[in-house]
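Student: Supplied structure: structure19.txt, compact mmCIF, C-alpha atoms.
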```
# COMPACT_ATOMS: atom_id res chain seq x y z
CA MET N 1 -21.19 -1.32 14.05
CA ASP N 2 -21.98 -0.19 17.58
CA ILE N 3 -20.63 3.35 17.30
CA ASP N 4 -23.28 6.04 17.53
CA TRP N 5 -23.25 8.10 14.32
CA LYS N 6 -23.90 11.46 15.98
CA HIS N 7 -21.12 11.03 18.56
CA SER N 8 -18.49 9.75 16.18
CA ARG N 9 -16.31 11.66 13.77
CA MET N 10 -18.36 10.28 10.89
CA SER N 11 -21.07 12.90 11.20
CA ARG N 12 -18.43 15.60 10.66
CA ILE N 13 -16.93 13.78 7.68
CA CYS N 14 -20.19 12.99 5.90
CA ASN N 15 -23.22 15.18 6.57
CA THR N 16 -26.11 12.84 5.87
CA ALA N 17 -29.28 11.75 7.65
CA GLU N 18 -29.81 8.76 5.36
CA PRO N 19 -29.41 5.52 7.39
CA TRP N 20 -28.32 3.50 4.33
CA LEU N 21 -25.50 5.95 3.55
CA GLN N 22 -24.47 6.15 7.20
CA GLU N 23 -24.11 2.37 7.22
CA ILE N 24 -21.95 2.41 4.07
CA VAL N 25 -19.73 5.18 5.43
CA MET N 26 -19.31 3.55 8.84
CA ARG N 27 -18.27 0.22 7.35
CA SER N 28 -16.04 1.89 4.77
CA SER N 29 -14.09 3.63 7.55
CA VAL N 30 -12.71 0.27 8.73
CA ASP N 31 -12.89 -1.83 5.53
CA THR N 32 -10.82 -0.63 2.57
CA GLN N 33 -12.00 -3.43 0.29
CA TYR N 34 -15.63 -2.48 0.94
CA PHE N 35 -14.80 1.21 0.43
CA CYS N 36 -13.09 0.54 -2.91
CA GLU N 37 -15.83 -1.74 -4.22
CA ASN N 38 -18.56 0.78 -3.33
CA PHE N 39 -16.91 4.08 -4.25
CA MET N 40 -14.63 2.98 -7.12
CA PRO N 41 -16.33 -0.06 -8.70
CA ASP N 42 -14.99 0.73 -12.17
CA ILE N 43 -11.40 0.32 -10.88
CA TYR N 44 -11.90 -2.48 -8.37
CA ASN N 45 -13.93 -4.72 -10.64
CA LYS N 46 -11.87 -7.93 -10.66
CA PRO N 47 -12.83 -10.93 -8.49
CA MET N 48 -11.71 -10.47 -4.89
CA THR N 49 -9.74 -13.68 -4.52
CA GLU N 50 -8.75 -15.04 -1.13
CA GLN N 51 -5.26 -13.63 -1.70
CA ARG N 52 -6.55 -10.12 -2.43
CA GLN N 53 -8.84 -10.24 0.58
CA LYS N 54 -5.85 -11.11 2.78
CA HIS N 55 -3.94 -8.22 1.23
CA PHE N 56 -6.70 -5.75 2.12
CA GLN N 57 -6.92 -7.25 5.60
CA LEU N 58 -3.22 -6.54 6.12
CA LEU N 59 -3.64 -2.96 4.89
CA ASP N 60 -6.50 -2.49 7.36
CA HIS N 61 -4.67 -4.17 10.25
CA ASP N 62 -3.74 -0.79 11.73
CA THR N 63 -2.01 -2.32 14.74
CA VAL N 64 0.74 -3.60 12.39
CA ALA N 65 3.58 -1.09 12.48
CA TYR N 66 5.69 -2.73 9.74
CA GLY N 67 3.94 -4.63 6.93
CA TYR N 68 5.17 -6.33 3.77
CA VAL N 69 3.49 -7.75 0.68
CA VAL N 70 5.18 -9.99 -1.90
CA ALA N 71 2.82 -10.48 -4.83
CA ALA N 72 2.90 -11.58 -8.45
CA ARG N 73 2.63 -9.02 -11.23
CA GLY N 74 -0.98 -8.19 -11.98
CA PHE N 75 -2.00 -8.75 -8.37
CA MET N 76 -3.27 -5.13 -8.01
CA LYS N 77 -0.94 -4.42 -5.10
CA THR N 78 -0.30 -0.84 -6.27
CA THR N 79 -3.98 -0.26 -7.03
CA SER N 80 -4.91 -1.62 -3.61
CA ILE N 81 -2.43 0.54 -1.68
CA GLU N 82 -3.69 3.58 -3.60
CA GLY N 83 -7.22 2.64 -2.54
CA LYS N 84 -6.08 2.42 1.08
CA MET N 85 -4.54 5.91 0.87
CA ILE N 86 -7.70 7.31 -0.74
CA LYS N 87 -9.80 5.79 2.03
CA ASN N 88 -7.41 7.17 4.67
CA THR N 89 -7.83 10.63 3.15
CA CYS N 90 -11.63 10.50 3.07
CA PHE N 91 -11.71 9.56 6.76
CA ARG N 92 -8.82 11.83 7.91
CA GLN N 93 -6.81 8.80 9.04
CA SER N 94 -3.27 9.86 8.08
CA PRO N 95 -1.92 13.44 8.14
CA PHE N 96 1.41 12.79 6.35
CA ASN N 97 1.72 10.23 3.56
CA MET N 98 4.90 9.36 1.66
CA PHE N 99 4.83 7.17 -1.44
CA CYS N 100 8.21 5.82 -2.59
CA SER N 101 9.01 3.91 -5.76
CA ARG N 102 11.99 3.19 -8.05
CA THR N 103 11.90 6.70 -9.48
CA LEU N 104 10.22 9.95 -8.54
CA ASP N 105 8.14 9.75 -11.72
CA ASN N 106 6.82 6.32 -10.72
CA ALA N 107 5.91 7.61 -7.27
CA LYS N 108 4.25 10.72 -8.74
CA THR N 109 2.09 8.54 -10.99
CA SER N 110 0.51 6.96 -7.92
CA THR N 111 0.11 10.17 -5.90
CA GLU N 112 -1.42 11.89 -8.94
CA ASN N 113 -3.82 8.96 -9.37
CA ILE N 114 -4.86 9.40 -5.75
CA LYS N 115 -5.37 13.13 -6.18
CA ASN N 116 -7.33 12.80 -9.43
CA ILE N 117 -9.67 10.19 -7.96
CA LEU N 118 -10.31 12.32 -4.88
CA LEU N 119 -11.12 15.35 -7.04
CA THR N 120 -13.04 13.75 -9.92
CA ASN N 121 -14.82 10.68 -8.53
CA SER N 122 -18.46 11.80 -8.26
CA ASP N 123 -19.41 9.29 -5.54
CA ILE N 124 -16.53 10.42 -3.34
CA ARG N 125 -17.24 14.11 -3.94
CA ASP N 126 -20.98 13.72 -3.30
CA THR N 127 -20.36 11.82 -0.06
CA PHE N 128 -17.25 13.45 1.40
CA GLY N 129 -17.00 16.77 -0.45
CA CYS N 130 -14.25 18.35 -2.52
CA PHE N 131 -10.75 18.06 -1.05
CA LYS N 132 -9.09 20.58 -3.35
CA ALA N 133 -6.72 22.84 -1.41
CA VAL N 134 -7.47 26.57 -1.67
CA LYS N 135 -6.27 29.57 0.27
CA TYR N 136 -6.57 29.08 4.00
CA GLN N 137 -6.14 32.07 6.35
CA GLY N 138 -4.56 33.96 3.47
CA VAL N 139 -1.97 31.26 2.72
CA ASN N 140 -1.89 29.03 -0.36
CA PRO N 141 -1.25 25.50 1.00
CA THR N 142 0.91 24.19 -1.84
CA PHE N 143 4.32 22.59 -1.51
CA GLY N 144 6.29 22.47 -4.73
CA LYS N 145 5.01 20.96 -7.96
CA ASP N 146 5.05 17.32 -6.86
CA ALA N 147 3.67 17.20 -3.31
CA TRP N 148 0.15 18.34 -2.43
CA PHE N 149 -2.36 18.89 0.37
CA ALA N 150 -5.97 17.78 0.72
CA ALA N 151 -8.21 20.28 2.51
CA ASP N 152 -11.40 20.07 4.54
CA PRO N 153 -14.38 20.75 2.20
CA ASP N 154 -16.10 23.00 4.77
CA THR N 155 -13.27 24.95 6.39
CA SER N 156 -10.60 24.75 3.63
CA GLU N 157 -8.10 23.81 6.35
CA PRO N 158 -5.41 21.39 5.05
CA PHE N 159 -5.57 18.07 6.91
CA THR N 160 -3.38 15.65 4.97
CA PHE N 161 -0.23 15.85 2.86
CA PHE N 162 1.15 13.60 0.09
CA LEU N 163 4.84 13.47 -0.76
CA PRO N 164 6.17 11.27 -3.61
CA LYS N 165 9.80 10.14 -3.44
CA GLY N 166 12.12 8.13 -5.63
CA ARG N 167 14.43 5.44 -4.30
CA GLY N 168 17.46 6.91 -2.55
CA GLN N 169 16.16 10.49 -2.48
CA GLN N 170 16.54 12.72 0.56
CA VAL N 171 13.93 11.81 3.19
CA ASN N 172 15.78 12.59 6.43
CA GLY N 173 13.95 15.05 8.63
CA ALA N 174 10.77 14.95 6.55
CA LYS N 175 7.98 16.73 8.40
CA ILE N 176 5.11 19.05 7.61
CA TYR N 177 3.25 21.69 9.59
CA ILE N 178 -0.40 20.68 9.47
CA ALA N 179 -3.41 20.97 11.78
CA GLY N 180 -1.48 23.28 14.09
CA ARG N 181 1.53 21.02 14.67
CA ASN N 182 4.70 19.67 13.10
CA CYS N 183 3.87 16.19 11.85
CA ARG N 184 6.26 13.44 10.84
CA LEU N 185 5.43 10.59 8.51
CA THR N 186 2.28 8.68 9.53
CA PHE N 187 1.81 6.36 6.52
CA GLY N 188 4.85 5.39 4.48
CA VAL N 189 4.68 3.16 1.40
CA CYS N 190 7.50 1.61 -0.61
CA ASP N 191 6.07 0.07 -3.78
CA ASP N 192 8.17 -1.76 -6.39
CA LEU N 193 11.32 -0.14 -5.04
CA GLU N 194 14.04 -2.37 -6.50
CA ASP N 195 15.39 -2.29 -10.07
CA ARG N 196 15.92 -5.62 -11.85
CA GLU N 197 19.40 -4.73 -13.10
CA GLU N 198 20.67 -2.77 -10.13
CA VAL N 199 19.64 -5.53 -7.73
CA LEU N 200 22.33 -7.72 -9.32
CA SER N 201 25.01 -5.45 -7.87
CA GLU N 202 26.02 -6.20 -4.29
CA GLU N 203 27.16 -2.59 -3.83
CA LEU N 204 23.84 -1.16 -5.03
CA ARG N 205 21.86 -3.62 -2.92
CA LYS N 206 23.80 -2.49 0.15
CA LYS N 207 23.24 1.16 -0.77
CA LEU N 208 19.48 0.66 -1.04
CA GLU N 209 19.38 -1.30 2.20
CA ASP N 210 21.21 1.52 4.00
CA TRP N 211 18.75 4.07 2.60
CA TYR N 212 15.69 2.06 3.59
CA PHE N 213 16.73 1.05 7.11
CA GLY N 214 18.87 4.10 7.79
CA ALA N 215 16.71 6.90 6.38
CA PHE N 216 13.23 5.96 5.19
CA ILE N 217 11.86 4.04 8.18
CA LYS N 218 13.32 6.69 10.51
CA CYS N 219 11.04 9.37 9.04
CA VAL N 220 8.43 8.52 11.67
CA ASP N 221 8.34 9.98 15.17
CA ASP N 222 10.02 8.30 18.13
CA THR N 223 6.89 6.49 19.34
CA TYR N 224 7.61 2.75 19.48
CA PRO N 225 5.08 -0.06 18.98
CA GLY N 226 4.64 -2.71 21.65
CA ALA N 227 5.28 -6.43 21.74
CA LYS N 228 5.75 -8.10 18.34
CA TYR N 229 5.87 -4.57 16.86
CA LEU N 230 2.11 -4.17 17.11
CA TRP N 231 0.32 -1.03 18.26
CA LYS N 232 -1.98 -1.48 21.23
CA ARG N 233 -5.47 -0.50 20.19
CA PRO N 234 -7.63 1.14 22.88
CA SER N 235 -11.23 0.05 23.30
CA LEU N 236 -13.59 1.11 20.53
CA ALA N 237 -15.98 2.67 23.03
CA LYS N 238 -13.29 4.90 24.57
CA GLU N 239 -11.52 5.97 21.37
CA PRO N 240 -13.65 5.24 18.28
CA ASP N 241 -11.43 7.49 16.12
CA TRP N 242 -8.08 5.96 17.22
CA GLN N 243 -5.35 5.76 14.62
CA PRO N 244 -1.82 4.34 15.00
CA PRO N 245 1.04 6.84 15.37
CA TRP N 246 2.56 5.56 12.10
CA ARG N 247 2.76 2.61 9.72
CA ILE N 248 5.28 1.42 7.11
CA ILE N 249 4.23 -0.85 4.20
CA TYR N 250 6.70 -2.43 1.73
CA GLN N 251 5.35 -4.06 -1.49
CA ASP N 252 7.37 -5.73 -4.26
CA THR N 253 8.26 -8.93 -6.05
CA ILE N 254 11.41 -10.88 -5.15
CA LYS N 255 14.06 -9.88 -7.69
CA HIS N 256 17.12 -11.46 -6.11
CA GLU N 257 17.83 -13.98 -3.35
CA ASP N 258 19.59 -11.23 -1.39
CA ALA N 259 17.18 -8.43 -2.31
CA LEU N 260 15.92 -5.87 0.19
CA MET N 261 12.47 -7.48 -0.09
CA VAL N 262 13.95 -10.73 1.27
CA LYS N 263 15.55 -8.84 4.17
CA VAL N 264 12.24 -7.17 4.97
CA MET N 265 10.02 -10.25 4.80
CA THR N 266 12.36 -12.26 7.03
CA ALA N 267 12.76 -9.51 9.63
CA SER N 268 11.02 -10.26 12.94
CA GLU N 269 9.32 -6.87 13.15
CA TYR N 270 7.48 -7.28 9.83
CA HIS N 271 4.05 -8.86 9.33
CA GLY N 272 2.75 -9.69 5.88
CA GLY N 273 2.08 -12.27 3.19
CA VAL N 274 3.33 -13.81 -0.05
CA TYR N 275 0.82 -14.14 -2.89
CA PRO N 276 2.06 -16.03 -5.99
CA ARG N 277 -0.08 -16.65 -9.04
CA CYS N 278 0.95 -20.32 -9.16
CA LYS N 279 3.18 -22.89 -7.45
CA TYR N 280 5.03 -26.08 -8.32
CA VAL N 281 3.12 -29.35 -8.05
CA ASP N 282 5.99 -31.68 -7.12
CA ASP N 283 9.77 -32.08 -7.01
CA THR N 284 10.10 -32.34 -10.79
CA PHE N 285 9.46 -28.57 -11.01
CA GLN N 286 7.82 -29.02 -14.41
CA LYS N 287 4.14 -28.67 -13.45
CA VAL N 288 2.42 -25.72 -11.81
CA VAL N 289 -1.07 -25.11 -10.46
CA SER N 290 -2.96 -21.88 -9.97
CA CYS N 291 -3.06 -20.18 -6.57
CA ALA N 292 -6.00 -18.01 -7.68
CA PRO N 293 -8.32 -20.26 -9.69
CA GLU N 294 -10.98 -17.52 -9.69
CA LEU N 295 -8.74 -15.67 -12.16
CA TRP N 296 -6.45 -18.23 -13.80
CA SER N 297 -7.02 -21.93 -14.36
CA ASP N 298 -4.30 -24.56 -13.94
CA GLU N 299 -4.17 -24.79 -17.74
CA ASP N 300 -3.62 -21.02 -18.02
CA VAL N 301 -0.65 -20.91 -15.67
CA GLN N 302 0.87 -24.11 -17.08
CA ARG N 303 0.69 -22.68 -20.60
CA ASP N 304 2.39 -19.48 -19.41
CA PHE N 305 5.05 -21.49 -17.58
CA ASP N 306 5.77 -23.61 -20.67
CA LEU N 307 6.01 -20.50 -22.84
CA HIS N 308 8.65 -18.95 -20.56
CA LYS N 309 10.50 -22.27 -20.46
CA ARG N 310 10.69 -22.46 -24.26
CA HIS N 311 12.27 -19.01 -24.28
CA HIS N 312 14.62 -19.93 -21.40
CA LYS N 313 13.00 -17.33 -19.14
CA GLU N 314 12.10 -19.59 -16.23
CA ASP N 315 13.80 -17.25 -13.73
CA ILE N 316 11.71 -14.29 -14.92
CA PHE N 317 8.56 -16.39 -14.54
CA ALA N 318 9.66 -17.41 -11.04
CA MET N 319 10.24 -13.79 -9.99
CA ASP N 320 7.21 -12.17 -11.63
CA ILE N 321 4.62 -14.90 -11.19
CA MET N 322 5.76 -17.31 -8.45
CA CYS N 323 7.27 -14.80 -5.99
CA MET N 324 10.61 -16.64 -5.98
CA PRO N 325 14.15 -15.27 -6.62
CA MET N 326 14.84 -17.96 -9.26
CA ALA N 327 13.30 -21.04 -10.85
CA LYS N 328 13.79 -24.44 -9.26
CA GLY N 329 15.11 -27.54 -10.92
CA GLN N 330 17.57 -25.76 -13.19
CA GLY N 331 21.12 -27.09 -13.35
CA SER N 332 23.71 -24.36 -12.78
CA TRP N 333 27.32 -23.71 -11.76
CA THR N 334 27.95 -22.11 -8.39
```
How would this structure read if it were set down as structure tokens?
Tutor:
Amino acid sequence: MDIDWKHSRMSRICNTAEPWLQEIVMRSSVDTQYFCENFMPDIYNKPMTEQRQKHFQLLDHDTVAYGYVVAARGFMKTTSIEGKMIKNTCFRQSPFNMFCSRTLDNAKTSTENIKNILLTNSDIRDTFGCFKAVKYQGVNPTFGKDAWFAADPDTSEPFTFFLPKGRGQQVNGAKIYIAGRNCRLTFGVCDDLEDREEVLSEELRKKLEDWYFGAFIKCVDDTYPGAKYLWKRPSLAKEPDWQPPWRIIYQDTIKHEDALMVKVMTASEYHGGVYPRCKYVDDTFQKVVSCAPELWSDEDVQRDFDLHKRHHKEDIFAMDIMCMPMAKGQGSWT
């Protein structure tokens, strides 16, 4: 990278004179996959398939205001988004983070994972310091039992805030006073938001859709992205520490043909990708091939497909593994 270490924010984030560590930190600031593989190799130890690389590229595409990811179960989409939020925290790249899931407990599991890794991972602590919030200017920077702050290791000043939320919970007007200003949501994540049973109800689907489009995505400030809903990035030389005003990321499987995930992925303002584990070979819809042969062979996915078929669970296989709302080739009444 062409950014001078001494004149970038990196020297304030990581106090080191070692050129090899400076190089790792500089690249990690713009490459979440590289950050995760270097600082959390015990967690991110599976082969980085082409699909997973594209997922990380989307997460790092900070000019994308609205992003979506449809991925098969076992894809590591939750683990990857947690890694992105850990990286954002280490490099002070998002002051206000909200993690939403089906329930508050599900959301808290992820935010607690993030906090525990930040506090206990020795490589992160040795490189970036301890982010544990302590008293700052006589005030204890805590916020209830679920949400939490991360603080600067040198000054103890809080610089980022994590707020877990369950689907449908109150999010209107969410803001936090941090770094001397009132800050609205800067990085919002919805992960595995929809329930398999509730999504069958048209009324509940409409209720969730109203909450998402009417409340959640309006938690950000009133700064609007440009053409194609992309933020305009200034030149690296002029603003090496530039960050977008806000980003929204939605991750899930497709659990119904009229699910919120389908509405999101077909909306013009969203950019993203669909990452199935396998796909049909031809119009008979009886043979499948692997979309990630580094992890699963054609024989593996065909065996799994046949097993679900014997138990008459083709639709579950289609939703969980093939990123489709239902299996193809099945006779049915309308």
Student: Restricting the calculation to only C-alpha atoms, which member of N:Arg184, N:Ser28, N:Ile86, N:Thr49 is positioned closest to Trp296 (chain N)?
Tutor: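 Among the listed residues, the smallest separation from Trp296 (chain N) belongs to N:Thr49.
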Student: Find the spatial neighbours of region 259-268 of chain N, counting only C-alpha atoms, within a cut-off of 10 Å - ignore same-chain residues fewer than 2 positions away - and output them as an NGL selection string.
Tutor: :N and (66-70 or 192-194 or 199-200 or 202 or 205-206 or 208-210 or 212-213 or 228-229 or 250-257 or 270-274 or 324-325)
Student: Could you dump the residues just selected with C-alpha atoms as an mmCIF file, in the frame of the given file?
Tutor:
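Written output follows (selection-v5.cif):
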```
data_model
loop_
_atom_site.group_PDB
_atom_site.id
_atom_site.type_symbol
_atom_site.label_atom_id
_atom_site.label_comp_id
_atom_site.auth_asym_id
_atom_site.auth_seq_id
_atom_site.Cartn_x
_atom_site.Cartn_y
_atom_site.Cartn_z
ATOM 1 C CA TYR N 66 5.690 -2.730 9.740
ATOM 2 C CA GLY N 67 3.940 -4.630 6.930
ATOM 3 C CA TYR N 68 5.170 -6.330 3.770
ATOM 4 C CA VAL N 69 3.490 -7.750 0.680
ATOM 5 C CA VAL N 70 5.180 -9.990 -1.900
ATOM 6 C CA ASP N 192 8.170 -1.760 -6.390
ATOM 7 C CA LEU N 193 11.320 -0.140 -5.040
ATOM 8 C CA GLU N 194 14.040 -2.370 -6.500
ATOM 9 C CA VAL N 199 19.640 -5.530 -7.730
ATOM 10 C CA LEU N 200 22.330 -7.720 -9.320
ATOM 11 C CA GLU N 202 26.020 -6.200 -4.290
ATOM 12 C CA ARG N 205 21.860 -3.620 -2.920
ATOM 13 C CA LYS N 206 23.800 -2.490 0.150
ATOM 14 C CA LEU N 208 19.480 0.660 -1.040
ATOM 15 C CA GLU N 209 19.380 -1.300 2.200
ATOM 16 C CA ASP N 210 21.210 1.520 4.000
ATOM 17 C CA TYR N 212 15.690 2.060 3.590
ATOM 18 C CA PHE N 213 16.730 1.050 7.110
ATOM 19 C CA LYS N 228 5.750 -8.100 18.340
ATOM 20 C CA TYR N 229 5.870 -4.570 16.860
ATOM 21 C CA TYR N 250 6.700 -2.430 1.730
ATOM 22 C CA GLN N 251 5.350 -4.060 -1.490
ATOM 23 C CA ASP N 252 7.370 -5.730 -4.260
ATOM 24 C CA THR N 253 8.260 -8.930 -6.050
ATOM 25 C CA ILE N 254 11.410 -10.880 -5.150
ATOM 26 C CA LYS N 255 14.060 -9.880 -7.690
ATOM 27 C CA HIS N 256 17.120 -11.460 -6.110
ATOM 28 C CA GLU N 257 17.830 -13.980 -3.350
ATOM 29 C CA TYR N 270 7.480 -7.280 9.830
ATOM 30 C CA HIS N 271 4.050 -8.860 9.330
ATOM 31 C CA GLY N 272 2.750 -9.690 5.880
ATOM 32 C CA GLY N 273 2.080 -12.270 3.190
ATOM 33 C CA VAL N 274 3.330 -13.810 -0.050
ATOM 34 C CA MET N 324 10.610 -16.640 -5.980
ATOM 35 C CA PRO N 325 14.150 -15.270 -6.620
#
```
Student: Using all atoms listed in the file, which residue out of N:Ile176, N:Ala150, N:Cys190, N:Val134 lies closest to Asn116 (chain N)?
Tutor: N:Ala150
Student: Name the closest residue to Val64 (chain N) among the candidates N:Asp298, N:Asp315, N:Glu37, N:Glu269; distances are taken between atoms, counting only C-alpha atoms.
Tutor: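 Using only C-alpha atoms, the shortest distance to Val64 (chain N) belongs to N:Glu269.
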Student: Would you compute the distance between CA of Ser290 (chain N) and CA of His55 (chain N)? Give it in Å to one decimal.
Tutor: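 Calculated distance between CA of Ser290 (chain N) and CA of His55 (chain N) is 17.7 Å.
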Student: Select, from N:Pro158, N:Pro240, N:Pro234, N:Pro245, the residue with the minimum atom-to-atom distance to Asp222 (chain N), counting all atoms listed in the file.
Tutor: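 Selected residue with least distance to Asp222 (chain N): N:Pro245.
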Student: Work out how far CA of Gly74 (chain N) is from CA of Arg125 (chain N), in Å to one decimal.
Tutor: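 Between these atoms lies a distance of 28.7 Å.
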Student: Find, counting only C-alpha atoms, the residue in N:Arg247, N:Arg92, N:Lys279, N:Lys84 that gets nearest to Ala151 (chain N).
Tutor: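 Nearest to Ala151 (chain N): N:Arg92.
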Student: Rounded to one decimal place, report the CA of Thr127 (chain N)-CA of Asn45 (chain N) distance in Å.
Tutor: 20.7 Å
Student: Go through N:Asp221, N:Asp62, N:Glu50, N:Glu157 and flag the residue nearest Pro293 (chain N), using only C-alpha atoms for the distances.
Tutor: N:Glu50
Student: Show which residues sit within 7 Å of Val288 (chain N), as an mmCIF file with C-alpha atoms, in the coordinates of the input. Count all atoms listed in the file, and ignore same-chain residues fewer than 2 positions away.
Tutor:
```
data_model
loop_
_atom_site.group_PDB
_atom_site.id
_atom_site.type_symbol
_atom_site.label_atom_id
_atom_site.label_comp_id
_atom_site.auth_asym_id
_atom_site.auth_seq_id
_atom_site.Cartn_x
_atom_site.Cartn_y
_atom_site.Cartn_z
ATOM 1 C CA CYS N 278 0.950 -20.320 -9.160
ATOM 2 C CA LYS N 279 3.180 -22.890 -7.450
ATOM 3 C CA TYR N 280 5.030 -26.080 -8.320
ATOM 4 C CA VAL N 281 3.120 -29.350 -8.050
ATOM 5 C CA GLN N 286 7.820 -29.020 -14.410
ATOM 6 C CA SER N 290 -2.960 -21.880 -9.970
ATOM 7 C CA VAL N 301 -0.650 -20.910 -15.670
ATOM 8 C CA GLN N 302 0.870 -24.110 -17.080
#
```
Student: Hey, could you patch up region 221-238 of chain N with N, CA, C and O atoms and hand it over as a PDB file, keeping the file's coordinate frame?
Tutor:
```pdb
ATOM      1  N   ASP N 221       7.950   9.425  13.882  1.00  0.00           N
ATOM      2  CA  ASP N 221       8.340   9.980  15.170  1.00  0.00           C
ATOM      3  C   ASP N 221       8.918   8.878  16.059  1.00  0.00           C
ATOM      4  O   ASP N 221       8.995   7.716  15.666  1.00  0.00           O
ATOM      5  N   ASP N 222       9.306   9.246  17.262  1.00  0.00           N
ATOM      6  CA  ASP N 222      10.020   8.300  18.130  1.00  0.00           C
ATOM      7  C   ASP N 222       9.083   7.502  19.030  1.00  0.00           C
ATOM      8  O   ASP N 222       9.495   7.005  20.074  1.00  0.00           O
ATOM      9  N   THR N 223       7.816   7.363  18.622  1.00  0.00           N
ATOM     10  CA  THR N 223       6.890   6.490  19.340  1.00  0.00           C
ATOM     11  C   THR N 223       7.129   5.054  18.882  1.00  0.00           C
ATOM     12  O   THR N 223       7.177   4.769  17.689  1.00  0.00           O
ATOM     13  N   TYR N 224       7.294   4.134  19.832  1.00  0.00           N
ATOM     14  CA  TYR N 224       7.610   2.750  19.480  1.00  0.00           C
ATOM     15  C   TYR N 224       6.396   1.851  19.696  1.00  0.00           C
ATOM     16  O   TYR N 224       5.674   1.985  20.690  1.00  0.00           O
ATOM     17  N   PRO N 225       6.174   0.906  18.771  1.00  0.00           N
ATOM     18  CA  PRO N 225       5.080  -0.060  18.980  1.00  0.00           C
ATOM     19  C   PRO N 225       5.425  -1.024  20.103  1.00  0.00           C
ATOM     20  O   PRO N 225       6.571  -1.077  20.575  1.00  0.00           O
ATOM     21  N   GLY N 226       4.444  -1.801  20.526  1.00  0.00           N
ATOM     22  CA  GLY N 226       4.640  -2.710  21.650  1.00  0.00           C
ATOM     23  C   GLY N 226       5.187  -4.050  21.245  1.00  0.00           C
ATOM     24  O   GLY N 226       5.944  -4.162  20.262  1.00  0.00           O
ATOM     25  N   ALA N 227       4.790  -5.086  21.979  1.00  0.00           N
ATOM     26  CA  ALA N 227       5.280  -6.430  21.740  1.00  0.00           C
ATOM     27  C   ALA N 227       4.949  -6.881  20.323  1.00  0.00           C
ATOM     28  O   ALA N 227       3.884  -6.562  19.788  1.00  0.00           O
ATOM     29  N   LYS N 228       5.883  -7.596  19.705  1.00  0.00           N
ATOM     30  CA  LYS N 228       5.750  -8.100  18.340  1.00  0.00           C
ATOM     31  C   LYS N 228       5.553  -6.967  17.339  1.00  0.00           C
ATOM     32  O   LYS N 228       5.039  -7.166  16.241  1.00  0.00           O
ATOM     33  N   TYR N 229       5.953  -5.746  17.723  1.00  0.00           N
ATOM     34  CA  TYR N 229       5.870  -4.570  16.860  1.00  0.00           C
ATOM     35  C   TYR N 229       4.437  -4.315  16.405  1.00  0.00           C
ATOM     36  O   TYR N 229       4.178  -3.992  15.242  1.00  0.00           O
ATOM     37  N   LEU N 230       3.514  -4.452  17.348  1.00  0.00           N
ATOM     38  CA  LEU N 230       2.110  -4.170  17.110  1.00  0.00           C
ATOM     39  C   LEU N 230       1.670  -3.025  18.014  1.00  0.00           C
ATOM     40  O   LEU N 230       2.033  -2.979  19.188  1.00  0.00           O
ATOM     41  N   TRP N 231       0.879  -2.107  17.455  1.00  0.00           N
ATOM     42  CA  TRP N 231       0.320  -1.030  18.260  1.00  0.00           C
ATOM     43  C   TRP N 231      -0.802  -1.580  19.137  1.00  0.00           C
ATOM     44  O   TRP N 231      -1.552  -2.457  18.712  1.00  0.00           O
ATOM     45  N   LYS N 232      -0.906  -1.064  20.334  1.00  0.00           N
ATOM     46  CA  LYS N 232      -1.980  -1.480  21.230  1.00  0.00           C
ATOM     47  C   LYS N 232      -3.191  -0.608  20.983  1.00  0.00           C
ATOM     48  O   LYS N 232      -3.174   0.603  21.212  1.00  0.00           O
ATOM     49  N   ARG N 233      -4.255  -1.238  20.513  1.00  0.00           N
ATOM     50  CA  ARG N 233      -5.470  -0.500  20.190  1.00  0.00           C
ATOM     51  C   ARG N 233      -6.332  -0.308  21.437  1.00  0.00           C
ATOM     52  O   ARG N 233      -6.662  -1.285  22.121  1.00  0.00           O
ATOM     53  N   PRO N 234      -6.714   0.924  21.752  1.00  0.00           N
ATOM     54  CA  PRO N 234      -7.630   1.140  22.880  1.00  0.00           C
ATOM     55  C   PRO N 234      -9.023   0.642  22.545  1.00  0.00           C
ATOM     56  O   PRO N 234      -9.328   0.344  21.393  1.00  0.00           O
ATOM     57  N   SER N 235      -9.883   0.556  23.530  1.00  0.00           N
ATOM     58  CA  SER N 235     -11.230   0.050  23.300  1.00  0.00           C
ATOM     59  C   SER N 235     -11.983   0.965  22.339  1.00  0.00           C
ATOM     60  O   SER N 235     -11.806   2.192  22.338  1.00  0.00           O
ATOM     61  N   LEU N 236     -12.829   0.357  21.516  1.00  0.00           N
ATOM     62  CA  LEU N 236     -13.590   1.110  20.530  1.00  0.00           C
ATOM     63  C   LEU N 236     -14.512   2.120  21.189  1.00  0.00           C
ATOM     64  O   LEU N 236     -14.722   3.223  20.675  1.00  0.00           O
ATOM     65  N   ALA N 237     -15.054   1.768  22.340  1.00  0.00           N
ATOM     66  CA  ALA N 237     -15.980   2.670  23.030  1.00  0.00           C
ATOM     67  C   ALA N 237     -15.269   3.925  23.530  1.00  0.00           C
ATOM     68  O   ALA N 237     -15.817   5.023  23.494  1.00  0.00           O
ATOM     69  N   LYS N 238     -14.020   3.764  24.023  1.00  0.00           N
ATOM     70  CA  LYS N 238     -13.290   4.900  24.570  1.00  0.00           C
ATOM     71  C   LYS N 238     -12.706   5.798  23.481  1.00  0.00           C
ATOM     72  O   LYS N 238     -12.733   7.020  23.597  1.00  0.00           O
TER      73      LYS N 238
END
```
